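Enquirer: This is my_file-v4.cif (mmCIF, C-alpha atoms).
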data_coords
#
loop_
_atom_site.group_PDB
_atom_site.id
_atom_site.type_symbol
_atom_site.label_atom_id
_atom_site.label_comp_id
_atom_site.auth_asym_id
_atom_site.auth_seq_id
_atom_site.Cartn_x
_atom_site.Cartn_y
_atom_site.Cartn_z
ATOM 1 C CA MET A 1 145.407 73.826 156.626
ATOM 2 C CA THR A 2 146.771 76.604 158.815
ATOM 3 C CA LEU A 3 145.045 79.870 159.635
ATOM 4 C CA PRO A 4 146.868 83.134 158.863
ATOM 5 C CA ASP A 5 149.017 84.681 161.558
ATOM 6 C CA HIS A 6 146.455 86.913 163.296
ATOM 7 C CA THR A 7 149.001 88.150 165.826
ATOM 8 C CA ASN A 8 150.300 90.379 163.043
ATOM 9 C CA PRO A 9 147.509 92.838 162.124
ATOM 10 C CA THR A 10 149.136 93.653 158.791
ATOM 11 C CA SER A 11 149.554 90.031 157.716
ATOM 12 C CA LEU A 12 147.528 89.906 154.522
ATOM 13 C CA ALA A 13 149.114 88.657 151.308
ATOM 14 C CA TYR A 14 147.861 87.409 147.977
ATOM 15 C CA PRO A 15 148.219 83.708 148.933
ATOM 16 C CA ASP A 16 145.692 84.369 151.737
ATOM 17 C CA ILE A 17 143.206 85.517 149.091
ATOM 18 C CA GLU A 18 143.910 82.478 146.927
ATOM 19 C CA ALA A 19 143.294 80.244 149.958
ATOM 20 C CA ALA A 20 140.046 82.074 150.683
ATOM 21 C CA ALA A 21 138.874 81.608 147.093
ATOM 22 C CA ALA A 22 139.400 77.844 147.373
ATOM 23 C CA ARG A 23 137.724 77.732 150.785
ATOM 24 C CA ILE A 24 134.505 79.509 149.789
ATOM 25 C CA ALA A 25 134.180 78.159 146.243
ATOM 26 C CA GLY A 26 130.589 77.125 145.582
ATOM 27 C CA GLN A 27 129.330 78.886 148.707
ATOM 28 C CA VAL A 28 129.127 82.434 147.348
ATOM 29 C CA ARG A 29 127.734 83.829 144.114
ATOM 30 C CA PRO A 30 130.353 84.700 141.487
ATOM 31 C CA VAL A 31 130.212 88.425 140.797
ATOM 32 C CA THR A 32 128.509 89.680 137.654
ATOM 33 C CA VAL A 33 130.494 92.306 135.738
ATOM 34 C CA THR A 34 128.582 94.375 133.210
ATOM 35 C CA GLN A 35 129.570 97.016 130.646
ATOM 36 C CA GLN A 36 127.656 100.271 131.085
ATOM 37 C CA GLY A 37 128.556 102.132 127.918
ATOM 38 C CA ASN A 38 131.431 103.104 125.653
ATOM 39 C CA ASP A 39 133.375 105.022 128.304
ATOM 40 C CA GLY A 40 135.422 102.047 129.500
ATOM 41 C CA ILE A 41 133.604 101.819 132.845
ATOM 42 C CA VAL A 42 132.154 98.513 133.989
ATOM 43 C CA PHE A 43 130.167 97.722 137.114
ATOM 44 C CA ALA A 44 130.814 94.772 139.417
ATOM 45 C CA LEU A 45 127.320 93.942 140.686
ATOM 46 C CA GLU A 46 128.385 92.545 144.037
ATOM 47 C CA PHE A 47 125.113 93.718 145.588
ATOM 48 C CA MET A 48 123.662 90.540 144.026
ATOM 49 C CA GLN A 49 125.724 88.522 146.511
ATOM 50 C CA HIS A 50 124.083 86.462 149.282
ATOM 51 C CA THR A 51 122.770 88.814 152.015
ATOM 52 C CA GLY A 52 123.011 91.731 149.589
ATOM 53 C CA THR A 53 126.679 92.675 150.056
ATOM 54 C CA PHE A 54 130.267 91.522 149.584
ATOM 55 C CA LYS A 55 130.396 90.743 153.309
ATOM 56 C CA ALA A 56 129.194 87.183 152.644
ATOM 57 C CA ARG A 57 132.644 86.359 151.276
ATOM 58 C CA GLY A 58 134.542 87.264 154.414
ATOM 59 C CA ALA A 59 131.970 85.683 156.718
ATOM 60 C CA GLN A 60 132.125 82.381 154.864
ATOM 61 C CA ASN A 61 135.915 82.424 154.830
ATOM 62 C CA PHE A 62 136.079 83.205 158.550
ATOM 63 C CA ILE A 63 133.636 80.490 159.645
ATOM 64 C CA GLN A 64 134.835 77.824 157.203
ATOM 65 C CA ALA A 65 138.453 78.357 158.242
ATOM 66 C CA HIS A 66 137.627 77.914 161.926
ATOM 67 C CA LEU A 67 135.449 74.886 161.250
ATOM 68 C CA ALA A 68 138.283 73.270 159.304
ATOM 69 C CA GLU A 69 140.724 73.968 162.136
ATOM 70 C CA GLY A 70 138.378 72.713 164.837
ATOM 71 C CA THR A 71 138.380 76.116 166.545
ATOM 72 C CA PHE A 72 134.654 76.881 166.206
ATOM 73 C CA PRO A 73 133.042 76.813 169.706
ATOM 74 C CA GLU A 74 129.647 75.425 170.695
ATOM 75 C CA ALA A 75 128.643 78.938 171.760
ATOM 76 C CA GLY A 76 128.755 79.944 168.129
ATOM 77 C CA VAL A 77 129.926 83.194 166.618
ATOM 78 C CA THR A 78 129.285 86.791 167.565
ATOM 79 C CA ILE A 79 129.958 90.098 165.858
ATOM 80 C CA ALA A 80 129.437 93.829 166.316
ATOM 81 C CA SER A 81 128.267 95.296 163.049
ATOM 82 C CA GLY A 82 126.552 98.279 161.473
ATOM 83 C CA GLY A 83 124.353 95.742 159.743
ATOM 84 C CA ASN A 84 125.831 94.220 156.595
ATOM 85 C CA ALA A 85 128.614 92.248 158.274
ATOM 86 C CA GLY A 86 126.138 91.038 160.853
ATOM 87 C CA LEU A 87 123.826 89.819 158.095
ATOM 88 C CA ALA A 88 126.671 87.944 156.453
ATOM 89 C CA CYS A 89 127.840 86.441 159.735
ATOM 90 C CA ALA A 90 124.327 85.281 160.618
ATOM 91 C CA TRP A 91 123.815 83.819 157.149
ATOM 92 C CA ALA A 92 127.109 81.929 157.189
ATOM 93 C CA ALA A 93 126.463 80.690 160.740
ATOM 94 C CA ARG A 94 123.026 79.410 159.798
ATOM 95 C CA ALA A 95 124.553 77.521 156.871
ATOM 96 C CA ALA A 96 126.979 75.933 159.335
ATOM 97 C CA GLY A 97 124.188 75.082 161.784
ATOM 98 C CA ALA A 98 125.711 77.349 164.422
ATOM 99 C CA PRO A 99 124.209 80.111 166.608
ATOM 100 C CA ALA A 100 125.019 83.745 165.920
ATOM 101 C CA THR A 101 124.631 86.775 168.180
ATOM 102 C CA VAL A 102 124.866 90.154 166.482
ATOM 103 C CA PHE A 103 125.408 93.488 168.236
ATOM 104 C CA LEU A 104 124.390 96.663 166.379
ATOM 105 C CA PRO A 105 124.026 100.340 167.213
ATOM 106 C CA THR A 106 120.454 101.458 167.782
ATOM 107 C CA THR A 107 120.838 103.588 164.650
ATOM 108 C CA ALA A 108 121.070 100.532 162.368
ATOM 109 C CA PRO A 109 118.428 100.606 159.586
ATOM 110 C CA SER A 110 115.355 98.557 160.447
ATOM 111 C CA VAL A 111 115.578 96.691 157.148
ATOM 112 C CA LYS A 112 118.905 95.199 158.294
ATOM 113 C CA VAL A 113 117.633 94.336 161.775
ATOM 114 C CA GLU A 114 114.604 92.555 160.337
ATOM 115 C CA ARG A 115 116.739 90.550 157.947
ATOM 116 C CA LEU A 116 119.134 89.566 160.718
ATOM 117 C CA ARG A 117 116.294 88.084 162.687
ATOM 118 C CA SER A 118 115.059 86.277 159.591
ATOM 119 C CA TYR A 119 118.420 84.454 159.499
ATOM 120 C CA GLY A 120 117.791 83.213 163.026
ATOM 121 C CA ALA A 121 120.330 85.481 164.716
ATOM 122 C CA ARG A 122 119.943 86.865 168.200
ATOM 123 C CA VAL A 123 120.063 90.652 167.792
ATOM 124 C CA GLU A 124 121.288 93.027 170.493
ATOM 125 C CA LEU A 125 120.890 96.786 169.882
ATOM 126 C CA VAL A 126 123.377 98.742 172.010
ATOM 127 C CA GLY A 127 124.380 102.427 171.926
ATOM 128 C CA SER A 128 124.301 104.940 169.102
ATOM 129 C CA GLU A 129 127.747 104.207 167.650
ATOM 130 C CA PHE A 130 129.670 101.165 166.514
ATOM 131 C CA ALA A 131 132.171 101.439 169.386
ATOM 132 C CA GLU A 132 129.438 100.902 171.973
ATOM 133 C CA ALA A 133 128.092 97.839 170.183
ATOM 134 C CA ALA A 134 131.642 96.510 169.871
ATOM 135 C CA ALA A 135 132.244 96.871 173.625
ATOM 136 C CA ALA A 136 129.069 94.956 174.399
ATOM 137 C CA CYS A 137 130.091 92.263 171.941
ATOM 138 C CA GLN A 138 133.461 91.865 173.653
ATOM 139 C CA GLU A 139 131.770 91.473 177.020
ATOM 140 C CA PHE A 140 129.605 88.731 175.503
ATOM 141 C CA VAL A 141 132.685 86.943 174.147
ATOM 142 C CA GLU A 142 134.272 86.925 177.582
ATOM 143 C CA SER A 143 131.144 85.643 179.312
ATOM 144 C CA SER A 144 130.001 83.075 176.739
ATOM 145 C CA GLY A 145 133.125 81.802 174.988
ATOM 146 C CA ALA A 146 131.640 82.641 171.582
ATOM 147 C CA LEU A 147 133.978 83.118 168.631
ATOM 148 C CA ALA A 148 134.504 86.816 167.963
ATOM 149 C CA SER A 149 134.257 87.871 164.354
ATOM 150 C CA HIS A 150 134.648 91.441 163.118
ATOM 151 C CA ALA A 151 132.944 93.603 160.540
ATOM 152 C CA TYR A 152 136.223 94.302 158.746
ATOM 153 C CA ASP A 153 139.328 94.128 160.952
ATOM 154 C CA HIS A 154 140.465 90.533 160.501
ATOM 155 C CA PRO A 155 142.770 88.922 157.911
ATOM 156 C CA LEU A 156 140.246 86.162 157.127
ATOM 157 C CA ILE A 157 137.495 88.740 156.567
ATOM 158 C CA ALA A 158 139.685 90.893 154.316
ATOM 159 C CA ALA A 159 140.991 87.876 152.398
ATOM 160 C CA GLY A 160 137.446 86.730 151.742
ATOM 161 C CA ALA A 161 136.563 90.183 150.411
ATOM 162 C CA GLY A 162 139.630 90.076 148.191
ATOM 163 C CA THR A 163 138.229 87.096 146.289
ATOM 164 C CA LEU A 164 135.946 89.599 144.583
ATOM 165 C CA MET A 165 138.963 91.034 142.774
ATOM 166 C CA THR A 166 140.098 87.644 141.488
ATOM 167 C CA GLU A 167 136.642 87.094 139.993
ATOM 168 C CA ILE A 168 136.598 90.538 138.387
ATOM 169 C CA LEU A 169 139.948 89.878 136.724
ATOM 170 C CA GLU A 170 138.744 86.557 135.382
ATOM 171 C CA GLN A 171 136.087 88.499 133.457
ATOM 172 C CA VAL A 172 138.095 91.647 132.692
ATOM 173 C CA PRO A 173 141.726 90.502 132.405
ATOM 174 C CA ASP A 174 142.831 93.812 130.876
ATOM 175 C CA LEU A 175 141.412 95.912 133.714
ATOM 176 C CA ASP A 176 143.403 99.035 134.595
ATOM 177 C CA THR A 177 141.602 100.320 137.708
ATOM 178 C CA VAL A 178 139.154 99.108 140.328
ATOM 179 C CA VAL A 179 137.123 101.578 142.409
ATOM 180 C CA VAL A 180 135.832 100.663 145.875
ATOM 181 C CA SER A 181 134.158 102.520 148.710
ATOM 182 C CA VAL A 182 135.893 102.387 152.091
ATOM 183 C CA GLY A 183 134.631 102.287 155.665
ATOM 184 C CA GLY A 184 136.939 100.433 158.032
ATOM 185 C CA GLY A 185 138.835 99.008 155.103
ATOM 186 C CA GLY A 186 138.073 95.283 154.928
ATOM 187 C CA LEU A 187 136.901 95.334 151.311
ATOM 188 C CA PHE A 188 139.608 97.779 150.343
ATOM 189 C CA ALA A 189 142.408 95.785 152.003
ATOM 190 C CA GLY A 190 141.415 92.582 150.247
ATOM 191 C CA VAL A 191 140.725 94.121 146.856
ATOM 192 C CA ALA A 192 143.804 96.354 146.885
ATOM 193 C CA THR A 193 146.061 93.466 147.918
ATOM 194 C CA ALA A 194 144.796 91.378 145.008
ATOM 195 C CA ALA A 195 144.796 94.319 142.587
ATOM 196 C CA THR A 196 148.356 95.347 143.444
ATOM 197 C CA HIS A 197 149.508 91.758 142.976
ATOM 198 C CA HIS A 198 148.152 91.920 139.419
ATOM 199 C CA GLY A 199 149.407 95.448 138.700
ATOM 200 C CA VAL A 200 145.934 97.009 138.798
ATOM 201 C CA ARG A 201 145.294 100.451 140.351
ATOM 202 C CA THR A 202 142.827 100.753 143.246
ATOM 203 C CA VAL A 203 140.832 103.923 143.903
ATOM 204 C CA ALA A 204 139.624 104.093 147.515
ATOM 205 C CA VAL A 205 136.583 106.365 147.881
ATOM 206 C CA GLU A 206 135.324 107.730 151.196
ATOM 207 C CA PRO A 207 132.743 110.310 152.290
ATOM 208 C CA GLU A 208 134.385 113.566 153.334
ATOM 209 C CA ASN A 209 133.136 113.137 156.892
ATOM 210 C CA CYS A 210 133.805 109.387 157.160
ATOM 211 C CA ARG A 211 137.451 109.411 156.115
ATOM 212 C CA ALA A 212 139.161 106.846 158.343
ATOM 213 C CA LEU A 213 141.519 105.558 155.643
ATOM 214 C CA SER A 214 142.429 108.974 154.272
ATOM 215 C CA ALA A 215 143.191 110.193 157.795
ATOM 216 C CA ALA A 216 145.332 107.112 158.465
ATOM 217 C CA ILE A 217 147.296 107.711 155.269
ATOM 218 C CA GLU A 218 147.945 111.320 156.288
ATOM 219 C CA ALA A 219 148.917 110.388 159.864
ATOM 220 C CA GLY A 220 150.959 107.333 158.915
ATOM 221 C CA GLU A 221 148.944 105.217 161.348
ATOM 222 C CA PRO A 222 145.285 104.432 162.082
ATOM 223 C CA VAL A 223 143.626 107.329 163.919
ATOM 224 C CA ASP A 224 140.108 108.072 165.137
ATOM 225 C CA VAL A 225 137.908 110.289 162.958
ATOM 226 C CA THR A 226 134.466 111.822 163.290
ATOM 227 C CA VAL A 227 131.633 110.018 161.544
ATOM 228 C CA ASP A 228 128.921 112.082 159.834
ATOM 229 C CA SER A 229 127.664 111.005 156.425
ATOM 230 C CA VAL A 230 124.606 109.742 154.618
ATOM 231 C CA ALA A 231 126.634 106.546 154.107
ATOM 232 C CA ALA A 232 127.642 106.197 157.774
ATOM 233 C CA ASP A 233 125.431 103.156 158.368
ATOM 234 C CA SER A 234 127.908 101.107 156.294
ATOM 235 C CA LEU A 235 131.018 103.298 156.052
ATOM 236 C CA GLY A 236 130.965 104.858 159.503
ATOM 237 C CA ALA A 237 134.061 103.256 161.017
ATOM 238 C CA ARG A 238 135.929 105.556 163.384
ATOM 239 C CA ARG A 239 139.283 103.996 162.560
ATOM 240 C CA ALA A 240 140.682 102.181 159.526
ATOM 241 C CA THR A 241 142.468 98.881 159.984
ATOM 242 C CA SER A 242 146.209 98.382 159.890
ATOM 243 C CA LEU A 243 145.531 95.940 157.045
ATOM 244 C CA ALA A 244 143.939 98.739 155.023
ATOM 245 C CA LEU A 245 146.726 101.206 155.763
ATOM 246 C CA GLU A 246 149.347 98.678 154.710
ATOM 247 C CA ALA A 247 147.493 98.028 151.433
ATOM 248 C CA ALA A 248 147.186 101.789 150.850
ATOM 249 C CA ARG A 249 150.972 102.210 150.891
ATOM 250 C CA SER A 250 151.153 100.785 147.376
ATOM 251 C CA ASP A 251 151.974 103.266 144.610
ATOM 252 C CA LEU A 252 148.975 101.804 142.774
ATOM 253 C CA VAL A 253 146.486 103.126 145.354
ATOM 254 C CA THR A 254 144.665 106.451 145.037
ATOM 255 C CA SER A 255 142.567 107.974 147.853
ATOM 256 C CA VAL A 256 139.486 110.057 146.986
ATOM 257 C CA LEU A 257 137.002 111.934 149.183
ATOM 258 C CA VAL A 258 133.454 112.744 148.045
ATOM 259 C CA SER A 259 130.637 114.876 149.424
ATOM 260 C CA ASP A 260 127.321 113.518 150.608
ATOM 261 C CA ASP A 261 125.645 115.410 147.765
ATOM 262 C CA ALA A 262 127.814 113.527 145.273
ATOM 263 C CA ILE A 263 126.931 110.204 146.922
ATOM 264 C CA ILE A 264 123.213 110.948 146.827
ATOM 265 C CA GLU A 265 123.442 112.040 143.176
ATOM 266 C CA ALA A 266 125.362 108.903 142.196
ATOM 267 C CA ARG A 267 122.865 106.651 143.961
ATOM 268 C CA GLN A 268 119.954 108.382 142.278
ATOM 269 C CA ARG A 269 121.669 108.160 138.904
ATOM 270 C CA LEU A 270 122.197 104.419 139.305
ATOM 271 C CA TRP A 271 118.459 104.097 139.811
ATOM 272 C CA ASP A 272 117.341 106.545 137.133
ATOM 273 C CA GLU A 273 119.692 105.343 134.397
ATOM 274 C CA HIS A 274 120.201 101.666 135.250
ATOM 275 C CA ARG A 275 117.395 100.736 137.653
ATOM 276 C CA LEU A 276 120.000 99.634 140.173
ATOM 277 C CA ALA A 277 118.873 100.181 143.771
ATOM 278 C CA VAL A 278 121.982 100.302 145.942
ATOM 279 C CA GLU A 279 122.819 101.631 149.371
ATOM 280 C CA HIS A 280 124.715 104.878 149.796
ATOM 281 C CA ALA A 281 127.935 102.982 150.549
ATOM 282 C CA ALA A 282 127.831 101.393 147.097
ATOM 283 C CA ALA A 283 127.057 104.701 145.393
ATOM 284 C CA THR A 284 130.062 106.232 147.144
ATOM 285 C CA ALA A 285 132.369 104.301 144.813
ATOM 286 C CA LEU A 286 130.670 105.682 141.701
ATOM 287 C CA ALA A 287 130.687 109.191 143.173
ATOM 288 C CA GLY A 288 134.474 108.978 143.261
ATOM 289 C CA VAL A 289 134.663 108.848 139.452
ATOM 290 C CA SER A 290 131.597 110.891 138.574
ATOM 291 C CA GLY A 291 132.485 114.277 140.041
ATOM 292 C CA GLY A 292 131.694 115.948 143.313
ATOM 293 C CA GLY A 293 134.718 114.637 145.175
ATOM 294 C CA ARG A 294 138.108 115.819 146.300
ATOM 295 C CA GLY A 295 140.689 113.464 144.906
ATOM 296 C CA LYS A 296 144.277 113.025 145.938
ATOM 297 C CA THR A 297 146.728 110.974 143.918
ATOM 298 C CA ALA A 298 150.441 110.383 144.123
ATOM 299 C CA SER A 299 150.965 112.214 140.827
ATOM 300 C CA ASP A 300 148.778 115.300 140.741
ATOM 301 C CA GLY A 301 147.922 116.171 144.339
ATOM 302 C CA LYS A 302 144.348 117.378 144.813
ATOM 303 C CA SER A 303 141.918 117.042 141.957
ATOM 304 C CA PRO A 304 138.515 118.676 142.535
ATOM 305 C CA GLY A 305 136.667 116.267 140.231
ATOM 306 C CA GLY A 306 137.615 113.068 142.038
ATOM 307 C CA TYR A 307 139.390 110.320 140.132
ATOM 308 C CA VAL A 308 139.454 111.066 136.411
ATOM 309 C CA PRO A 309 140.237 108.023 134.217
ATOM 310 C CA ALA A 310 142.637 108.492 131.335
ATOM 311 C CA GLU A 311 141.506 107.991 127.755
ATOM 312 C CA LYS A 312 140.814 104.294 127.083
ATOM 313 C CA GLU A 313 141.460 103.400 130.746
ATOM 314 C CA LYS A 314 139.317 100.415 131.721
ATOM 315 C CA VAL A 315 137.719 101.011 135.103
ATOM 316 C CA CYS A 316 135.568 98.706 137.239
ATOM 317 C CA VAL A 317 133.336 100.322 139.878
ATOM 318 C CA VAL A 318 132.353 97.903 142.632
ATOM 319 C CA LEU A 319 128.714 98.298 143.681
ATOM 320 C CA CYS A 320 129.112 96.556 147.002
ATOM 321 C CA GLY A 321 125.691 96.454 148.635
ATOM 322 C CA THR A 322 121.946 96.944 148.329
ATOM 323 C CA ASN A 323 120.516 96.708 151.857
ATOM 324 C CA THR A 324 118.629 99.960 151.621
ATOM 325 C CA SER A 325 115.152 101.414 151.755
ATOM 326 C CA LEU A 326 113.537 102.163 148.398
ATOM 327 C CA SER A 327 111.431 104.972 149.830
ATOM 328 C CA ASP A 328 113.911 107.714 148.905
ATOM 329 C CA LEU A 329 114.548 106.632 145.312
#
What does this structure look like when you write it as structure tokens?
Expert:
Amino acid sequence: MTLPDHTNPTSLAYPDIEAAAARIAGQVRPVTVTQQGNDGIVFALEFMQHTGTFKARGAQNFIQAHLAEGTFPEAGVTIASGGNAGLACAWAARAAGAPATVFLPTTAPSVKVERLRSYGARVELVGSEFAEAAAACQEFVESSGALASHAYDHPLIAAGAGTLMTEILEQVPDLDTVVVSVGGGGLFAGVATAATHHGVRTVAVEPENCRALSAAIEAGEPVDVTVDSVAADSLGARRATSLALEAARSDLVTSVLVSDDAIIEARQRLWDEHRLAVEHAAATALAGVSGGGRGKTASDGKSPGGYVPAEKEKVCVVLCGTNTSLSDL
């Protein structure tokens, strides 16, 4: 077994996702896909995954790959994370009997911090933004020799996330479109790579004021953006990955921006109509196909209603996480 070439930041291909699926088989929960009505839209309930988000897939793939290669150090693994990736890393490390140290911004929701500690992780709260936590994490790597993971910017992490798409297609083989929310782009890169391989369209949905991928597409390269959204705790990356930008260059990818009001409305609707309690990042995906967004596609330019499915188009909306407080539902 050979690890992917991590010296090339855009080296993610469908065989990497197939390898990840084999590596984590039996260690993650297969996604449940459920029909919501007669409108052709189905939900992928990935918030039922271990640790409450899709991040468990990438964390397992990352740690299992290094264990198999003999490159997992005694100092364990460390990660800088807004919360969900840290949870997944700590969970996967505990399963491997290894220590985990997680760096988070001080703004991380308390529910995520408490759960991290319940997994036995050492938690370090540093700064108000992800970049500050990431810098502290890097200093720890240099001083301790711990293995550095990443919330989203790593081929093994993205490939693990992409296994979600292979499971969706096993249940909905005639799927036309998959809709995912985007922060730094780990989930998007994996899902879009798998979707494009199978000829399926991917709709990438971001908050208007957390638009790292959209800005990268416009600039032709990853660029820094401001972060200000109700979904920033999970989608607040300042810069999208090169992996995500490369995946977005497919003609089958559509980028959509949505307002915070649309995200809040979509989250509330998921609770009111389906009794699904998800975090704002998960609701962002639904907001991209339920109005309130500014959509941009290769064919029709800007569309004020977000992504509008064609008649009889079969669409899967990925509800990616549920680490949230119930107090505002």
Enquirer: Skip segment 119-127 of chain A itself and residues of its chain fewer than 2 positions away, then list as a PyMOL selection string all residues within 7 Å of it, counting all atoms listed in the file.
Expert: chain A and resi 90-91+94+99-106+115-117+129+132-133
Enquirer: Please write as a list in words the full residue list that the PyMOL selection byres ((chain A and resi 145-158) around 6) yields on this file.
Expert: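 Taken over the shown coordinates, the PyMOL selection byres ((chain A and resi 145-158) around 6) returns Leu12, Gly58, Phe62, Ala75, Gly76, Val77, Thr78, Ile79, Ser81, Ala85, Val141, Glu142, Ser144, Ala159, Gly160, Ala161, Gly186, Gly190 and Thr241 of chain A.
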Enquirer: Around the point (140.9, 96.6, 134.6), in the coordinates given by the file, pick out the residues reaching within 9 Å, counting all atoms listed in the file, and return them as a PDB file with C-alpha atoms, keeping the file's coordinate frame.
Expert:
ATOM      1  CA  VAL A  42     132.154  98.513 133.989  1.00  0.00           C
ATOM      2  CA  ILE A 168     136.598  90.538 138.387  1.00  0.00           C
ATOM      3  CA  LEU A 169     139.948  89.878 136.724  1.00  0.00           C
ATOM      4  CA  VAL A 172     138.095  91.647 132.692  1.00  0.00           C
ATOM      5  CA  PRO A 173     141.726  90.502 132.405  1.00  0.00           C
ATOM      6  CA  ASP A 174     142.831  93.812 130.876  1.00  0.00           C
ATOM      7  CA  LEU A 175     141.412  95.912 133.714  1.00  0.00           C
ATOM      8  CA  ASP A 176     143.403  99.035 134.595  1.00  0.00           C
ATOM      9  CA  THR A 177     141.602 100.320 137.708  1.00  0.00           C
ATOM     10  CA  VAL A 178     139.154  99.108 140.328  1.00  0.00           C
ATOM     11  CA  VAL A 200     145.934  97.009 138.798  1.00  0.00           C
ATOM     12  CA  ARG A 201     145.294 100.451 140.351  1.00  0.00           C
ATOM     13  CA  GLU A 313     141.460 103.400 130.746  1.00  0.00           C
ATOM     14  CA  LYS A 314     139.317 100.415 131.721  1.00  0.00           C
ATOM     15  CA  VAL A 315     137.719 101.011 135.103  1.00  0.00           C
ATOM     16  CA  CYS A 316     135.568  98.706 137.239  1.00  0.00           C
TER      17      CYS A 316
END
Enquirer: In Å, with one decimal, what is the gap from atom CA of Glu74 of chain A to atom CA of Leu87 of chain A?
Expert: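 We find that atom CA of Glu74 of chain A and atom CA of Leu87 of chain A lie 20.0 Å from each other.
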Enquirer: So which one's closest to Leu187 of chain A, A:Ala231, A:Ile263, A:Ala131, A:Ala240? Using all atoms listed in the file, please.
Expert: A:Ala240
Enquirer: One decimal, Å: what's the distance from atom CA of Ser255 of chain A over to atom CA of Cys89 of chain A, could you say?
Expert: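 If I compute the distance from atom CA of Ser255 of chain A to atom CA of Cys89 of chain A, I get 28.7 Å.
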Enquirer: Go through A:Ala204, A:Leu243, A:Ala21, A:Ala219 and flag the residue nearest Ala189 of chain A, using all atoms listed in the file for the distances.
Expert: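 Among the listed residues, the smallest separation from Ala189 of chain A belongs to A:Leu243.
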Enquirer: With distances taken over all atoms listed in the file, which residue among A:Tyr307, A:Phe72, A:Phe43, A:Trp271 lies nearest Ala98 of chain A?
Expert: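 Answer, going by the shortest atom-to-atom distance: A:Phe72.
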Enquirer: Which value, in Å to one decimal, gives the distance between atom CA of His280 of chain A and atom CA of Gly321 of chain A?
Expert: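 These atoms are spaced 8.6 Å apart.
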Enquirer: Which of these, A:Ala68, A:Val28, A:Val191, A:Met48, has the shortest distance to Ala92 of chain A once you count all atoms listed in the file?
Expert: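 Among the listed residues, the smallest separation from Ala92 of chain A belongs to A:Val28.
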Enquirer: A:Glu18, A:Ala80, A:Val111, A:Pro73: which is nearest Gln138 of chain A, counting all atoms listed in the file?
Expert: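 Of the candidates, the smallest distance to Gln138 of chain A is held by A:Ala80.
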Enquirer: Please give the centre and size of the box around segment 140-158 of chain A (axis-aligned, containing every atom listed in the file, 4 Å added per side), with values in Å to one decimal and written as lines of an AutoDock Vina configuration file.
Expert:
center_x = 136.2
center_y = 88.1
center_z = 166.8
size_x = 21.2
size_y = 20.5
size_z = 33.0
Enquirer: Determine the residue set returned by the PyMOL selection byres ((chain A and resi 207) around 8) for the present structure, and present it as a PDB file with C-alpha atoms, in the frame of the given file.
Expert:
ATOM      1  CA  VAL A 205     136.583 106.365 147.881  1.00  0.00           C
ATOM      2  CA  GLU A 206     135.324 107.730 151.196  1.00  0.00           C
ATOM      3  CA  GLU A 208     134.385 113.566 153.334  1.00  0.00           C
ATOM      4  CA  ASN A 209     133.136 113.137 156.892  1.00  0.00           C
ATOM      5  CA  CYS A 210     133.805 109.387 157.160  1.00  0.00           C
ATOM      6  CA  ARG A 211     137.451 109.411 156.115  1.00  0.00           C
ATOM      7  CA  SER A 229     127.664 111.005 156.425  1.00  0.00           C
ATOM      8  CA  ALA A 231     126.634 106.546 154.107  1.00  0.00           C
ATOM      9  CA  LEU A 257     137.002 111.934 149.183  1.00  0.00           C
ATOM     10  CA  VAL A 258     133.454 112.744 148.045  1.00  0.00           C
ATOM     11  CA  SER A 259     130.637 114.876 149.424  1.00  0.00           C
ATOM     12  CA  ASP A 260     127.321 113.518 150.608  1.00  0.00           C
ATOM     13  CA  ILE A 263     126.931 110.204 146.922  1.00  0.00           C
ATOM     14  CA  THR A 284     130.062 106.232 147.144  1.00  0.00           C
TER      15      THR A 284
END
Enquirer: Give me the residues near Ala237 of chain A as a count of residues only, where near means some atom within 9 Å (using all atoms listed in the file) and where sequence neighbours in that chain fewer than 2 positions away do not count.
Expert: 17
Enquirer: Counting only C-alpha atoms, which of A:Gly236, A:Val278, A:Ser128, A:Thr202 gets nearest to Thr107 of chain A?
Expert: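 Among the listed residues, the smallest separation from Thr107 of chain A belongs to A:Ser128.
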Enquirer: Using the chain letters and numbering of this document, enumerate as a list in words the residues selected by the PyMOL selection byres ((chain A and resi 266) around 8).
Expert: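 Residues picked by the PyMOL selection byres ((chain A and resi 266) around 8): Ala262, Ile263, Ile264, Glu265, Arg267, Gln268, Arg269, Leu270, Ala283, Thr284, Leu286, Ala287 and Ser290 of chain A.
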